[in-house]
file coords27.cif (mmCIF, C-alpha atoms and all ligand atoms)
data_run
#
loop_
_atom_site.group_PDB
_atom_site.id
_atom_site.type_symbol
_atom_site.label_atom_id
_atom_site.label_comp_id
_atom_site.auth_asym_id
_atom_site.auth_seq_id
_atom_site.Cartn_x
_atom_site.Cartn_y
_atom_site.Cartn_z
ATOM 1 C CA MET A 1 -26.675 -5.181 0.502
ATOM 2 C CA SER A 2 -30.287 -4.499 1.432
ATOM 3 C CA SER A 3 -30.990 -1.661 3.811
ATOM 4 C CA SER A 4 -32.454 -4.013 6.449
ATOM 5 C CA THR A 5 -29.061 -5.673 6.956
ATOM 6 C CA GLN A 6 -27.008 -2.476 6.886
ATOM 7 C CA LYS A 7 -25.716 -1.366 10.276
ATOM 8 C CA LEU A 8 -25.923 2.381 9.555
ATOM 9 C CA ALA A 9 -29.004 2.673 7.345
ATOM 10 C CA GLY A 10 -30.480 6.180 7.577
ATOM 11 C CA LYS A 11 -27.513 7.570 9.526
ATOM 12 C CA VAL A 12 -25.415 10.601 8.572
ATOM 13 C CA ALA A 13 -21.636 10.523 9.042
ATOM 14 C CA VAL A 14 -19.037 13.274 8.722
ATOM 15 C CA VAL A 15 -15.483 12.019 8.150
ATOM 16 C CA THR A 16 -12.824 14.704 8.353
ATOM 17 C CA GLY A 17 -9.863 14.286 6.005
ATOM 18 C CA SER A 18 -11.405 11.541 3.895
ATOM 19 C CA SER A 19 -10.030 12.393 0.446
ATOM 20 C CA LYS A 20 -7.351 9.744 0.898
ATOM 21 C CA GLY A 21 -5.728 7.282 3.285
ATOM 22 C CA ILE A 22 -7.511 5.889 6.327
ATOM 23 C CA GLY A 23 -10.281 8.513 6.114
ATOM 24 C CA ALA A 24 -11.204 7.515 2.538
ATOM 25 C CA SER A 25 -11.529 3.882 3.582
ATOM 26 C CA ILE A 26 -13.632 4.857 6.611
ATOM 27 C CA ALA A 27 -15.955 6.930 4.383
ATOM 28 C CA LYS A 28 -16.418 3.988 1.989
ATOM 29 C CA HIS A 29 -17.011 1.453 4.772
ATOM 30 C CA LEU A 30 -19.572 3.701 6.525
ATOM 31 C CA ALA A 31 -21.371 4.255 3.210
ATOM 32 C CA ALA A 32 -21.395 0.507 2.496
ATOM 33 C CA GLU A 33 -23.311 0.110 5.764
ATOM 34 C CA GLY A 34 -25.926 2.604 4.597
ATOM 35 C CA ALA A 35 -24.696 5.920 6.045
ATOM 36 C CA SER A 36 -24.897 9.143 4.040
ATOM 37 C CA VAL A 37 -21.320 10.376 4.207
ATOM 38 C CA VAL A 38 -19.756 13.829 4.116
ATOM 39 C CA VAL A 39 -16.285 13.435 2.621
ATOM 40 C CA ASN A 40 -14.289 16.364 3.991
ATOM 41 C CA TYR A 41 -10.937 17.425 2.545
ATOM 42 C CA ALA A 42 -8.540 20.355 2.798
ATOM 43 C CA SER A 43 -7.084 20.628 -0.706
ATOM 44 C CA SER A 44 -7.469 17.297 -2.555
ATOM 45 C CA ARG A 45 -10.741 17.987 -4.334
ATOM 46 C CA GLU A 46 -10.067 15.314 -6.941
ATOM 47 C CA GLY A 47 -9.386 12.686 -4.262
ATOM 48 C CA ALA A 48 -12.575 13.588 -2.392
ATOM 49 C CA GLU A 49 -14.666 13.480 -5.571
ATOM 50 C CA LYS A 50 -13.218 10.061 -6.421
ATOM 51 C CA VAL A 51 -14.271 8.747 -2.986
ATOM 52 C CA VAL A 52 -17.759 10.211 -3.526
ATOM 53 C CA SER A 53 -18.098 8.649 -6.972
ATOM 54 C CA GLU A 54 -16.919 5.237 -5.719
ATOM 55 C CA ILE A 55 -19.640 5.432 -3.044
ATOM 56 C CA THR A 56 -22.411 6.601 -5.358
ATOM 57 C CA ALA A 57 -21.457 4.029 -8.038
ATOM 58 C CA LYS A 58 -22.346 1.355 -5.486
ATOM 59 C CA GLY A 59 -25.693 2.985 -4.700
ATOM 60 C CA GLY A 60 -24.478 4.856 -1.608
ATOM 61 C CA LYS A 61 -24.869 8.506 -0.661
ATOM 62 C CA ALA A 62 -21.996 10.974 -0.269
ATOM 63 C CA ILE A 63 -20.966 14.572 -0.879
ATOM 64 C CA ALA A 64 -17.534 16.216 -0.803
ATOM 65 C CA VAL A 65 -17.069 19.336 1.339
ATOM 66 C CA GLN A 66 -13.855 21.349 1.493
ATOM 67 C CA ALA A 67 -12.951 22.752 4.929
ATOM 68 C CA ASP A 68 -9.741 23.164 6.908
ATOM 69 C CA VAL A 69 -10.873 21.680 10.221
ATOM 70 C CA SER A 70 -8.249 23.580 12.191
ATOM 71 C CA LYS A 71 -10.241 26.789 11.471
ATOM 72 C CA ARG A 72 -13.495 27.478 13.280
ATOM 73 C CA ALA A 73 -15.235 29.325 10.429
ATOM 74 C CA GLU A 74 -14.485 26.498 8.012
ATOM 75 C CA VAL A 75 -15.731 23.882 10.504
ATOM 76 C CA GLU A 76 -18.969 25.864 10.860
ATOM 77 C CA ARG A 77 -19.374 25.841 7.087
ATOM 78 C CA LEU A 78 -18.655 22.078 6.960
ATOM 79 C CA PHE A 79 -21.554 21.376 9.305
ATOM 80 C CA ALA A 80 -23.841 23.957 7.670
ATOM 81 C CA ASP A 81 -23.296 22.169 4.336
ATOM 82 C CA THR A 82 -23.869 18.810 6.038
ATOM 83 C CA LYS A 83 -27.140 20.041 7.508
ATOM 84 C CA LYS A 84 -28.269 21.383 4.151
ATOM 85 C CA ALA A 85 -27.544 18.052 2.427
ATOM 86 C CA TYR A 86 -28.579 15.503 5.029
ATOM 87 C CA GLY A 87 -30.021 17.140 8.195
ATOM 88 C CA GLN A 88 -28.795 16.018 11.594
ATOM 89 C CA VAL A 89 -25.542 14.163 12.254
ATOM 90 C CA ASP A 90 -25.255 10.695 13.808
ATOM 91 C CA VAL A 91 -21.537 9.937 13.433
ATOM 92 C CA LEU A 92 -18.449 12.153 13.494
ATOM 93 C CA VAL A 93 -15.047 10.666 12.647
ATOM 94 C CA ASN A 94 -12.214 13.034 13.581
ATOM 95 C CA ASN A 95 -9.673 11.578 11.191
ATOM 96 C CA ALA A 96 -7.900 14.590 9.642
ATOM 97 C CA GLY A 97 -4.384 14.680 10.990
ATOM 98 C CA ILE A 98 -0.760 15.222 10.126
ATOM 99 C CA TYR A 99 2.387 13.583 11.359
ATOM 100 C CA GLU A 100 5.839 15.077 11.154
ATOM 101 C CA PHE A 101 8.937 13.808 12.872
ATOM 102 C CA SER A 102 11.771 15.970 14.107
ATOM 103 C CA PRO A 103 14.624 15.523 16.572
ATOM 104 C CA LEU A 104 14.335 17.737 19.632
ATOM 105 C CA GLU A 105 17.085 20.094 18.414
ATOM 106 C CA THR A 106 15.154 21.046 15.266
ATOM 107 C CA ILE A 107 11.608 21.355 16.641
ATOM 108 C CA THR A 108 10.137 24.731 15.704
ATOM 109 C CA GLU A 109 7.028 26.533 16.834
ATOM 110 C CA GLU A 110 5.647 25.963 13.361
ATOM 111 C CA HIS A 111 6.190 22.183 13.690
ATOM 112 C CA PHE A 112 4.386 22.277 17.041
ATOM 113 C CA HIS A 113 1.441 24.464 16.044
ATOM 114 C CA LYS A 114 0.810 22.780 12.685
ATOM 115 C CA GLN A 115 0.297 19.418 14.353
ATOM 116 C CA PHE A 116 -1.514 20.635 17.466
ATOM 117 C CA ASP A 117 -3.788 22.941 15.432
ATOM 118 C CA LEU A 118 -5.059 20.099 13.266
ATOM 119 C CA ASN A 119 -4.774 16.973 15.416
ATOM 120 C CA VAL A 120 -5.953 18.498 18.695
ATOM 121 C CA LEU A 121 -7.715 21.808 18.050
ATOM 122 C CA GLY A 122 -9.330 20.389 14.881
ATOM 123 C CA THR A 123 -10.744 17.471 16.876
ATOM 124 C CA ILE A 124 -12.179 19.849 19.461
ATOM 125 C CA LEU A 125 -13.588 22.350 16.947
ATOM 126 C CA ALA A 126 -15.278 19.642 14.861
ATOM 127 C CA THR A 127 -16.781 17.924 17.899
ATOM 128 C CA GLN A 128 -17.931 21.259 19.342
ATOM 129 C CA GLU A 129 -19.708 22.193 16.119
ATOM 130 C CA ALA A 130 -21.105 18.677 15.587
ATOM 131 C CA LEU A 131 -22.699 18.913 19.031
ATOM 132 C CA LYS A 132 -25.085 21.554 17.658
ATOM 133 C CA HIS A 133 -26.177 19.142 14.926
ATOM 134 C CA PHE A 134 -26.135 15.729 16.619
ATOM 135 C CA ASN A 135 -29.255 13.579 16.587
ATOM 136 C CA PRO A 136 -30.880 13.970 20.039
ATOM 137 C CA ALA A 137 -31.563 10.199 19.944
ATOM 138 C CA GLY A 138 -27.800 9.607 20.183
ATOM 139 C CA ALA A 139 -24.535 9.957 18.305
ATOM 140 C CA SER A 140 -21.072 8.463 18.059
ATOM 141 C CA VAL A 141 -17.743 10.297 17.846
ATOM 142 C CA ILE A 142 -14.669 8.340 16.786
ATOM 143 C CA ASN A 143 -11.288 10.032 17.108
ATOM 144 C CA LEU A 144 -8.171 8.921 15.246
ATOM 145 C CA SER A 145 -5.480 8.567 17.835
ATOM 146 C CA SER A 146 -2.387 6.414 17.252
ATOM 147 C CA ILE A 147 -0.268 3.722 18.841
ATOM 148 C CA VAL A 148 2.256 6.531 19.419
ATOM 149 C CA SER A 149 0.126 8.071 22.161
ATOM 150 C CA THR A 150 1.785 5.522 24.482
ATOM 151 C CA TRP A 151 4.349 3.715 22.280
ATOM 152 C CA ALA A 152 6.196 6.937 21.521
ATOM 153 C CA PRO A 153 9.048 6.611 18.998
ATOM 154 C CA PRO A 154 12.112 8.889 19.064
ATOM 155 C CA ASN A 155 11.871 12.121 17.029
ATOM 156 C CA GLY A 156 8.106 12.103 17.347
ATOM 157 C CA SER A 157 7.599 13.934 20.618
ATOM 158 C CA VAL A 158 5.223 16.544 19.199
ATOM 159 C CA TYR A 159 3.160 14.108 17.114
ATOM 160 C CA SER A 160 2.962 11.627 20.006
ATOM 161 C CA ALA A 161 1.880 14.473 22.286
ATOM 162 C CA THR A 162 -0.973 15.363 19.928
ATOM 163 C CA LYS A 163 -2.255 11.788 20.020
ATOM 164 C CA ALA A 164 -1.908 11.509 23.805
ATOM 165 C CA ALA A 165 -4.046 14.657 23.868
ATOM 166 C CA VAL A 166 -6.597 12.957 21.595
ATOM 167 C CA ASP A 167 -6.803 10.036 24.070
ATOM 168 C CA ALA A 168 -7.351 12.489 26.922
ATOM 169 C CA ILE A 169 -10.012 14.387 24.979
ATOM 170 C CA THR A 170 -11.741 11.070 24.224
ATOM 171 C CA GLY A 171 -11.885 10.130 27.905
ATOM 172 C CA SER A 172 -13.012 13.548 29.033
ATOM 173 C CA LEU A 173 -15.714 14.029 26.401
ATOM 174 C CA ALA A 174 -17.054 10.494 26.908
ATOM 175 C CA LYS A 175 -17.856 11.522 30.499
ATOM 176 C CA GLU A 176 -19.072 14.984 29.548
ATOM 177 C CA LEU A 177 -21.389 13.925 26.719
ATOM 178 C CA GLY A 178 -22.676 10.541 27.895
ATOM 179 C CA ALA A 179 -25.810 12.029 29.448
ATOM 180 C CA ARG A 180 -26.702 13.343 25.974
ATOM 181 C CA LYS A 181 -26.395 9.781 24.568
ATOM 182 C CA ILE A 182 -23.204 10.687 22.748
ATOM 183 C CA ARG A 183 -20.511 8.022 22.800
ATOM 184 C CA VAL A 184 -16.878 9.081 22.296
ATOM 185 C CA ASN A 185 -14.207 6.532 21.423
ATOM 186 C CA ALA A 186 -10.826 6.476 19.724
ATOM 187 C CA VAL A 187 -8.973 4.058 17.500
ATOM 188 C CA ARG A 188 -5.194 3.835 17.800
ATOM 189 C CA PRO A 189 -3.670 2.485 14.589
ATOM 190 C CA GLY A 190 -0.147 1.201 14.272
ATOM 191 C CA MET A 191 1.627 1.994 11.014
ATOM 192 C CA VAL A 192 -0.862 1.946 8.132
ATOM 193 C CA GLU A 193 -0.013 2.148 4.434
ATOM 194 C CA THR A 194 -1.533 5.422 3.174
ATOM 195 C CA GLU A 195 -0.666 8.302 0.866
ATOM 196 C CA GLY A 196 0.657 10.109 3.947
ATOM 197 C CA THR A 197 2.968 7.316 5.124
ATOM 198 C CA HIS A 198 4.140 6.785 1.529
ATOM 199 C CA SER A 199 4.992 10.434 0.999
ATOM 200 C CA ASN A 200 7.051 10.689 4.165
ATOM 201 C CA GLY A 201 8.974 7.511 3.348
ATOM 202 C CA PHE A 202 7.758 5.343 6.258
ATOM 203 C CA VAL A 203 6.329 2.604 4.083
ATOM 204 C CA THR A 204 9.410 1.940 2.006
ATOM 205 C CA GLY A 205 12.189 2.570 4.509
ATOM 206 C CA ASP A 206 13.882 0.690 7.347
ATOM 207 C CA PHE A 207 11.283 2.039 9.776
ATOM 208 C CA ARG A 208 8.680 -0.281 8.252
ATOM 209 C CA LYS A 209 11.020 -3.280 8.524
ATOM 210 C CA SER A 210 11.741 -2.452 12.132
ATOM 211 C CA ILE A 211 8.021 -2.113 12.924
ATOM 212 C CA GLU A 212 7.146 -5.363 11.140
ATOM 213 C CA SER A 213 9.873 -7.290 12.940
ATOM 214 C CA GLN A 214 8.360 -6.202 16.278
ATOM 215 C CA THR A 215 4.730 -6.825 15.252
ATOM 216 C CA PRO A 216 3.281 -10.203 16.300
ATOM 217 C CA LEU A 217 1.110 -10.365 13.162
ATOM 218 C CA GLY A 218 4.168 -9.510 11.043
ATOM 219 C CA ARG A 219 2.806 -6.758 8.792
ATOM 220 C CA ILE A 220 1.855 -3.107 8.787
ATOM 221 C CA GLY A 221 -1.838 -2.206 8.494
ATOM 222 C CA GLN A 222 -4.038 -1.351 5.550
ATOM 223 C CA PRO A 223 -6.745 1.351 5.783
ATOM 224 C CA HIS A 224 -9.571 -1.233 5.884
ATOM 225 C CA ASP A 225 -8.051 -2.733 9.063
ATOM 226 C CA ILE A 226 -8.984 0.550 10.767
ATOM 227 C CA ALA A 227 -12.215 1.277 8.877
ATOM 228 C CA THR A 228 -13.914 -1.953 9.992
ATOM 229 C CA ALA A 229 -13.314 -1.040 13.642
ATOM 230 C CA VAL A 230 -14.670 2.466 13.033
ATOM 231 C CA VAL A 231 -17.874 0.967 11.586
ATOM 232 C CA PHE A 232 -18.218 -1.104 14.772
ATOM 233 C CA LEU A 233 -17.745 1.973 16.982
ATOM 234 C CA ALA A 234 -20.177 3.986 14.844
ATOM 235 C CA SER A 235 -22.922 1.357 14.985
ATOM 236 C CA SER A 236 -25.215 0.141 17.748
ATOM 237 C CA ASP A 237 -23.057 -3.020 17.983
ATOM 238 C CA SER A 238 -20.922 -0.917 20.341
ATOM 239 C CA ALA A 239 -23.904 0.730 22.105
ATOM 240 C CA TRP A 240 -22.391 0.364 25.598
ATOM 241 C CA ILE A 241 -18.803 1.294 24.705
ATOM 242 C CA SER A 242 -17.650 4.853 25.418
ATOM 243 C CA GLY A 243 -14.340 6.384 26.450
ATOM 244 C CA GLU A 244 -12.467 3.450 24.916
ATOM 245 C CA THR A 245 -9.183 3.772 23.014
ATOM 246 C CA LEU A 246 -8.838 0.724 20.790
ATOM 247 C CA LEU A 247 -5.329 -0.266 19.750
ATOM 248 C CA ILE A 248 -5.291 -1.715 16.206
ATOM 249 C CA ALA A 249 -1.682 -2.561 15.496
ATOM 250 C CA GLY A 250 -1.250 -6.264 14.743
ATOM 251 C CA GLY A 251 -0.394 -6.999 18.358
ATOM 252 C CA LEU A 252 2.372 -4.399 18.654
ATOM 253 C CA ARG A 253 2.151 -2.554 21.965
HETATM 254 P P1 LIG B 1 -3.050 10.997 4.897
HETATM 255 O O1 LIG B 1 -2.919 9.841 3.952
HETATM 256 O O2 LIG B 1 -1.957 11.985 4.951
HETATM 257 O O3 LIG B 1 -4.430 11.750 4.638
HETATM 258 C C1 LIG B 1 -4.754 12.852 5.448
HETATM 259 C C2 LIG B 1 -6.146 13.332 5.169
HETATM 260 O O4 LIG B 1 -6.403 14.460 6.030
HETATM 261 C C3 LIG B 1 -6.327 13.828 3.743
HETATM 262 O O5 LIG B 1 -7.626 13.507 3.313
HETATM 263 C C4 LIG B 1 -6.157 15.330 3.889
HETATM 264 O O6 LIG B 1 -6.870 16.091 2.920
HETATM 265 C C5 LIG B 1 -6.786 15.569 5.238
HETATM 266 N N1 LIG B 1 -6.362 16.844 5.835
HETATM 267 C C6 LIG B 1 -5.099 17.314 6.007
HETATM 268 N N2 LIG B 1 -5.132 18.526 6.578
HETATM 269 C C7 LIG B 1 -6.455 18.831 6.760
HETATM 270 C C8 LIG B 1 -7.137 19.930 7.289
HETATM 271 N N3 LIG B 1 -6.469 20.991 7.782
HETATM 272 N N4 LIG B 1 -8.489 19.920 7.293
HETATM 273 C C9 LIG B 1 -9.180 18.871 6.792
HETATM 274 N N5 LIG B 1 -8.581 17.775 6.298
HETATM 275 C C10 LIG B 1 -7.237 17.767 6.274
HETATM 276 O O7 LIG B 1 -3.224 10.477 6.420
HETATM 277 P P2 LIG B 1 -3.470 9.002 7.006
HETATM 278 O O8 LIG B 1 -2.169 8.300 7.050
HETATM 279 O O9 LIG B 1 -4.633 8.380 6.348
HETATM 280 O O10 LIG B 1 -3.835 9.377 8.527
HETATM 281 C C11 LIG B 1 -5.180 9.688 8.898
HETATM 282 C C12 LIG B 1 -5.277 9.812 10.411
HETATM 283 O O11 LIG B 1 -4.830 8.595 11.024
HETATM 284 C C13 LIG B 1 -4.415 10.917 11.016
HETATM 285 O O12 LIG B 1 -5.104 11.481 12.106
HETATM 286 C C14 LIG B 1 -3.187 10.173 11.505
HETATM 287 O O13 LIG B 1 -2.539 10.854 12.549
HETATM 288 C C15 LIG B 1 -3.817 8.878 11.974
HETATM 289 N N6 LIG B 1 -2.881 7.751 11.996
HETATM 290 C C16 LIG B 1 -2.253 7.347 10.853
HETATM 291 C C17 LIG B 1 -1.374 6.273 10.910
HETATM 292 C C18 LIG B 1 -0.654 5.790 9.679
HETATM 293 O O14 LIG B 1 0.311 5.000 9.845
HETATM 294 N N7 LIG B 1 -1.076 6.145 8.475
HETATM 295 C C19 LIG B 1 -1.142 5.619 12.129
HETATM 296 C C20 LIG B 1 -1.790 6.068 13.275
HETATM 297 C C21 LIG B 1 -2.672 7.128 13.197
HETATM 298 P P3 LIG B 1 -6.079 16.844 1.715
HETATM 299 O O15 LIG B 1 -5.467 15.731 0.915
HETATM 300 O O16 LIG B 1 -7.140 17.593 1.025
HETATM 301 O O17 LIG B 1 -5.041 17.683 2.384
#

call {"tool": "encode", "arguments": {"input": "coords27.cif", "output": "structure tokens", "more": "lines below"}}
Ligand code: NAP
result
Amino acid sequence: MSSSTQKLAGKVAVVTGSSKGIGASIAKHLAAEGASVVVNYASSREGAEKVVSEITAKGGKAIAVQADVSKRAEVERLFADTKKAYGQVDVLVNNAGIYEFSPLETITEEHFHKQFDLNVLGTILATQEALKHFNPAGASVINLSSIVSTWAPPNGSVYSATKAAVDAITGSLAKELGARKIRVNAVRPGMVETEGTHSNGFVTGDFRKSIESQTPLGRIGQPHDIATAVVFLASSDSAWISGETLLIAGGLR
């Protein structure tokens, strides 16, 4: 695709947790639209390098940067490396997240803090640091929420609470940052087939069947179903949309 038809030509995007799953697809879709992409990961160096090489093989620009986004010092390093490679930031996708289910009786403080530290604190720390590097001409933040922020399944009270917090952060920061031409939106996927949902058994078990039977479009999602919406929210096609939480779940609500 020539640069004149690419929606994100010349832009710089940081995608947290993009070594696999939804984040990897988002990184590839943003790069296909011309963005230079920072592929962040926590431990899957090989996965992140594979995403980078798939992007560069198609003529795109990307680098892999390791950083645990639940830790301030590592987030600072992520953006310092981004600045060194590409300069200012135009798009931040707060995708890194974990989901663990547990009945009320077995919830531990560890279960709580692990999910809140990454899904909520990580989103805040990354956005806070990105703010120092955003293009003064404008920027777009896209947070990965989930259908569970309102459609809360049993045994997921802590995970659902983290995503309800992400929705609240999205609404609050959209108001706080609008005057600086920074748009803040969220996408709320239903169940999506990823490494994460495979490894916790969601994709193969009865849970998937139950979800599909309740979903008007009759299937679970694939990462590209989410990535295409993120490209829209990152680009000027959505120039007057901020504070929105977009449900992408095949009609399930
Ligand atoms: P996934 O397949 O488990 O991938 C998670 C990604 O996050 C990996 O790249 C992982 O990197 C990275 N990550 C984990 N801990 C990190 C940390 N501390 N710092 C930086 N990166 C970290 O997950 P997914 O299913 O694609 O989900 C992605 C996002 O979508 C999450 O926020 C999730 O809550 C949300 N979501 C998912 C679904 C779904 O059904 N899949 C539905 C709704 C919302 P390493 O491999 O290096 O650890």

call {"tool": "resolve_selection", "arguments": {"input": "coords27.cif", "expression": "the PyMOL selection byres (((chain A and resi 228) around 12) and not hetatm)", "output": "ChimeraX atom specification"}}
result
/A:7,22-23,25-33,187,222-227,229-235,248

call {"tool": "resolve_selection", "arguments": {"input": "coords27.cif", "expression": "the PyMOL selection byres (((not hetatm)) within 7 of (chain B and resi 1))", "output": "PDB file with C-alpha atoms, in the coordinates of the input"}}
result
ATOM      1  CA  THR A  16     -12.824  14.704   8.353  1.00  0.00           C
ATOM      2  CA  GLY A  17      -9.863  14.286   6.005  1.00  0.00           C
ATOM      3  CA  SER A  18     -11.405  11.541   3.895  1.00  0.00           C
ATOM      4  CA  SER A  19     -10.030  12.393   0.446  1.00  0.00           C
ATOM      5  CA  LYS A  20      -7.351   9.744   0.898  1.00  0.00           C
ATOM      6  CA  GLY A  21      -5.728   7.282   3.285  1.00  0.00           C
ATOM      7  CA  ILE A  22      -7.511   5.889   6.327  1.00  0.00           C
ATOM      8  CA  GLY A  23     -10.281   8.513   6.114  1.00  0.00           C
ATOM      9  CA  ASN A  40     -14.289  16.364   3.991  1.00  0.00           C
ATOM     10  CA  TYR A  41     -10.937  17.425   2.545  1.00  0.00           C
ATOM     11  CA  ALA A  42      -8.540  20.355   2.798  1.00  0.00           C
ATOM     12  CA  SER A  43      -7.084  20.628  -0.706  1.00  0.00           C
ATOM     13  CA  SER A  44      -7.469  17.297  -2.555  1.00  0.00           C
ATOM     14  CA  ARG A  45     -10.741  17.987  -4.334  1.00  0.00           C
ATOM     15  CA  ALA A  67     -12.951  22.752   4.929  1.00  0.00           C
ATOM     16  CA  ASP A  68      -9.741  23.164   6.908  1.00  0.00           C
ATOM     17  CA  VAL A  69     -10.873  21.680  10.221  1.00  0.00           C
ATOM     18  CA  SER A  70      -8.249  23.580  12.191  1.00  0.00           C
ATOM     19  CA  ASN A  95      -9.673  11.578  11.191  1.00  0.00           C
ATOM     20  CA  ALA A  96      -7.900  14.590   9.642  1.00  0.00           C
ATOM     21  CA  GLY A  97      -4.384  14.680  10.990  1.00  0.00           C
ATOM     22  CA  ILE A  98      -0.760  15.222  10.126  1.00  0.00           C
ATOM     23  CA  TYR A  99       2.387  13.583  11.359  1.00  0.00           C
ATOM     24  CA  LEU A 118      -5.059  20.099  13.266  1.00  0.00           C
ATOM     25  CA  ASN A 119      -4.774  16.973  15.416  1.00  0.00           C
ATOM     26  CA  LEU A 144      -8.171   8.921  15.246  1.00  0.00           C
ATOM     27  CA  SER A 145      -5.480   8.567  17.835  1.00  0.00           C
ATOM     28  CA  SER A 146      -2.387   6.414  17.252  1.00  0.00           C
ATOM     29  CA  ILE A 147      -0.268   3.722  18.841  1.00  0.00           C
ATOM     30  CA  ARG A 188      -5.194   3.835  17.800  1.00  0.00           C
ATOM     31  CA  PRO A 189      -3.670   2.485  14.589  1.00  0.00           C
ATOM     32  CA  GLY A 190      -0.147   1.201  14.272  1.00  0.00           C
ATOM     33  CA  MET A 191       1.627   1.994  11.014  1.00  0.00           C
ATOM     34  CA  VAL A 192      -0.862   1.946   8.132  1.00  0.00           C
ATOM     35  CA  GLU A 193      -0.013   2.148   4.434  1.00  0.00           C
ATOM     36  CA  THR A 194      -1.533   5.422   3.174  1.00  0.00           C
ATOM     37  CA  GLU A 195      -0.666   8.302   0.866  1.00  0.00           C
ATOM     38  CA  GLY A 196       0.657  10.109   3.947  1.00  0.00           C
ATOM     39  CA  THR A 197       2.968   7.316   5.124  1.00  0.00           C
TER      40      THR A 197
END

call {"tool": "resolve_selection", "arguments": {"input": "coords27.cif", "expression": "the PyMOL selection byres (((chain A and resi 204-218) around 10) and not hetatm)", "output": "list in words"}}
result
Gly190, Met191, Val192, Glu193, Thr197, His198, Ser199, Asn200, Gly201, Phe202, Val203, Arg219, Ile220, Gly221, Ala249, Gly250, Gly251, Leu252 and Arg253 of chain A

call {"tool": "residues_around", "arguments": {"input": "coords27.cif", "residues": "stretch 121-123 of chain A", "least_positions_apart": "2", "cutoff": "12 Å", "atoms": "all atoms listed in the file", "output": "PyMOL selection string"}}
result
chain A and resi 15-17+67-76+92-98+113-119+125-130+141-145+162-163+165-170+173+184+186

call {"tool": "axis_aligned_box", "arguments": {"input": "coords27.cif", "around": "stretch 232-250 of chain A", "padding_each_side": "8 Å", "output": "AutoDock Vina command-line options"}}
result
--center_x -13.2 --center_y 0.1 --center_z 20.6 --size_x 40.0 --size_y 28.6 --size_z 27.7

call {"tool": "atom_distance", "arguments": {"input": "coords27.cif", "atom1": "atom CA of A:Glu100", "atom2": "atom CA of A:Glu244"}}
result
25.7 Å

call {"tool": "closest_residue", "arguments": {"input": "coords27.cif", "among": "A:Gly138, A:Lys84, A:Gly243, A:Ser102", "to": "A:Ser160", "atoms": "only C-alpha atoms"}}
result
A:Ser102

call {"tool": "closest_residue", "arguments": {"input": "coords27.cif", "among": "A:Gly87, A:Pro154, A:Gly171, A:Gly59", "to": "A:His133", "atoms": "all atoms listed in the file"}}
result
A:Gly87

call {"tool": "atom_distance", "arguments": {"input": "coords27.cif", "atom1": "atom CA of A:Ile55", "atom2": "atom CA of A:Ala80"}}
result
21.8 Å

call {"tool": "residues_around", "arguments": {"input": "coords27.cif", "residues": "A:Ser53", "least_positions_apart": "6", "cutoff": "10 Å", "atoms": "all atoms listed in the file", "output": "JSON, numbers by chain"}}
result
{"A": [47, 59, 60, 61, 62, 63, 64]}

call {"tool": "atom_distance", "arguments": {"input": "coords27.cif", "atom1": "atom CA of A:Ser149", "atom2": "atom CA of A:Ala161"}}
result
6.6 Å

call {"tool": "closest_residue", "arguments": {"input": "coords27.cif", "among": "A:Leu104, A:Val14, A:Ala48, A:Val120", "to": "A:Ala85", "atoms": "all atoms listed in the file"}}
result
A:Val14

call {"tool": "closest_residue", "arguments": {"input": "coords27.cif", "among": "A:Asn155, A:Gln6, A:Val51, A:Lys175", "to": "A:Glu105", "atoms": "all atoms listed in the file"}}
result
A:Asn155

call {"tool": "residues_around", "arguments": {"input": "coords27.cif", "residues": "A:Ile182", "least_positions_apart": "5", "cutoff": "7 Å", "atoms": "all atoms listed in the file", "output": "MDAnalysis selection string"}}
result
chainID A and resid 138:140 177

call {"tool": "build_atoms", "arguments": {"input": "coords27.cif", "residues": "stretch 62-70 of chain A", "atoms": "N, CA and C atoms", "output": "JSON list (two decimals), in the frame of the given file"}}
result
[["chain", "number", "residue", "atom", "x", "y", "z"],
["A", 62, "ALA", "N", -23.14, 10.21, -0.79],
["A", 62, "ALA", "CA", -22.00, 10.97, -0.27],
["A", 62, "ALA", "C", -21.89, 12.32, -0.98],
["A", 63, "ILE", "N", -21.33, 13.28, -0.26],
["A", 63, "ILE", "CA", -20.97, 14.57, -0.88],
["A", 63, "ILE", "C", -19.56, 14.93, -0.40],
["A", 64, "ALA", "N", -18.86, 15.73, -1.19],
["A", 64, "ALA", "CA", -17.53, 16.22, -0.80],
["A", 64, "ALA", "C", -17.66, 17.65, -0.31],
["A", 65, "VAL", "N", -17.04, 17.96, 0.82],
["A", 65, "VAL", "CA", -17.07, 19.34, 1.34],
["A", 65, "VAL", "C", -15.66, 19.75, 1.75],
["A", 66, "GLN", "N", -15.18, 20.83, 1.14],
["A", 66, "GLN", "CA", -13.86, 21.35, 1.49],
["A", 66, "GLN", "C", -13.96, 22.15, 2.79],
["A", 67, "ALA", "N", -13.05, 21.93, 3.72],
["A", 67, "ALA", "CA", -12.95, 22.75, 4.93],
["A", 67, "ALA", "C", -11.67, 22.38, 5.66],
["A", 68, "ASP", "N", -10.91, 23.39, 6.06],
["A", 68, "ASP", "CA", -9.74, 23.16, 6.91],
["A", 68, "ASP", "C", -10.27, 23.06, 8.34],
["A", 69, "VAL", "N", -10.22, 21.86, 8.92],
["A", 69, "VAL", "CA", -10.87, 21.68, 10.22],
["A", 69, "VAL", "C", -10.09, 22.29, 11.38],
["A", 70, "SER", "N", -8.93, 22.87, 11.11],
["A", 70, "SER", "CA", -8.25, 23.58, 12.19],
["A", 70, "SER", "C", -8.75, 25.02, 12.30]]
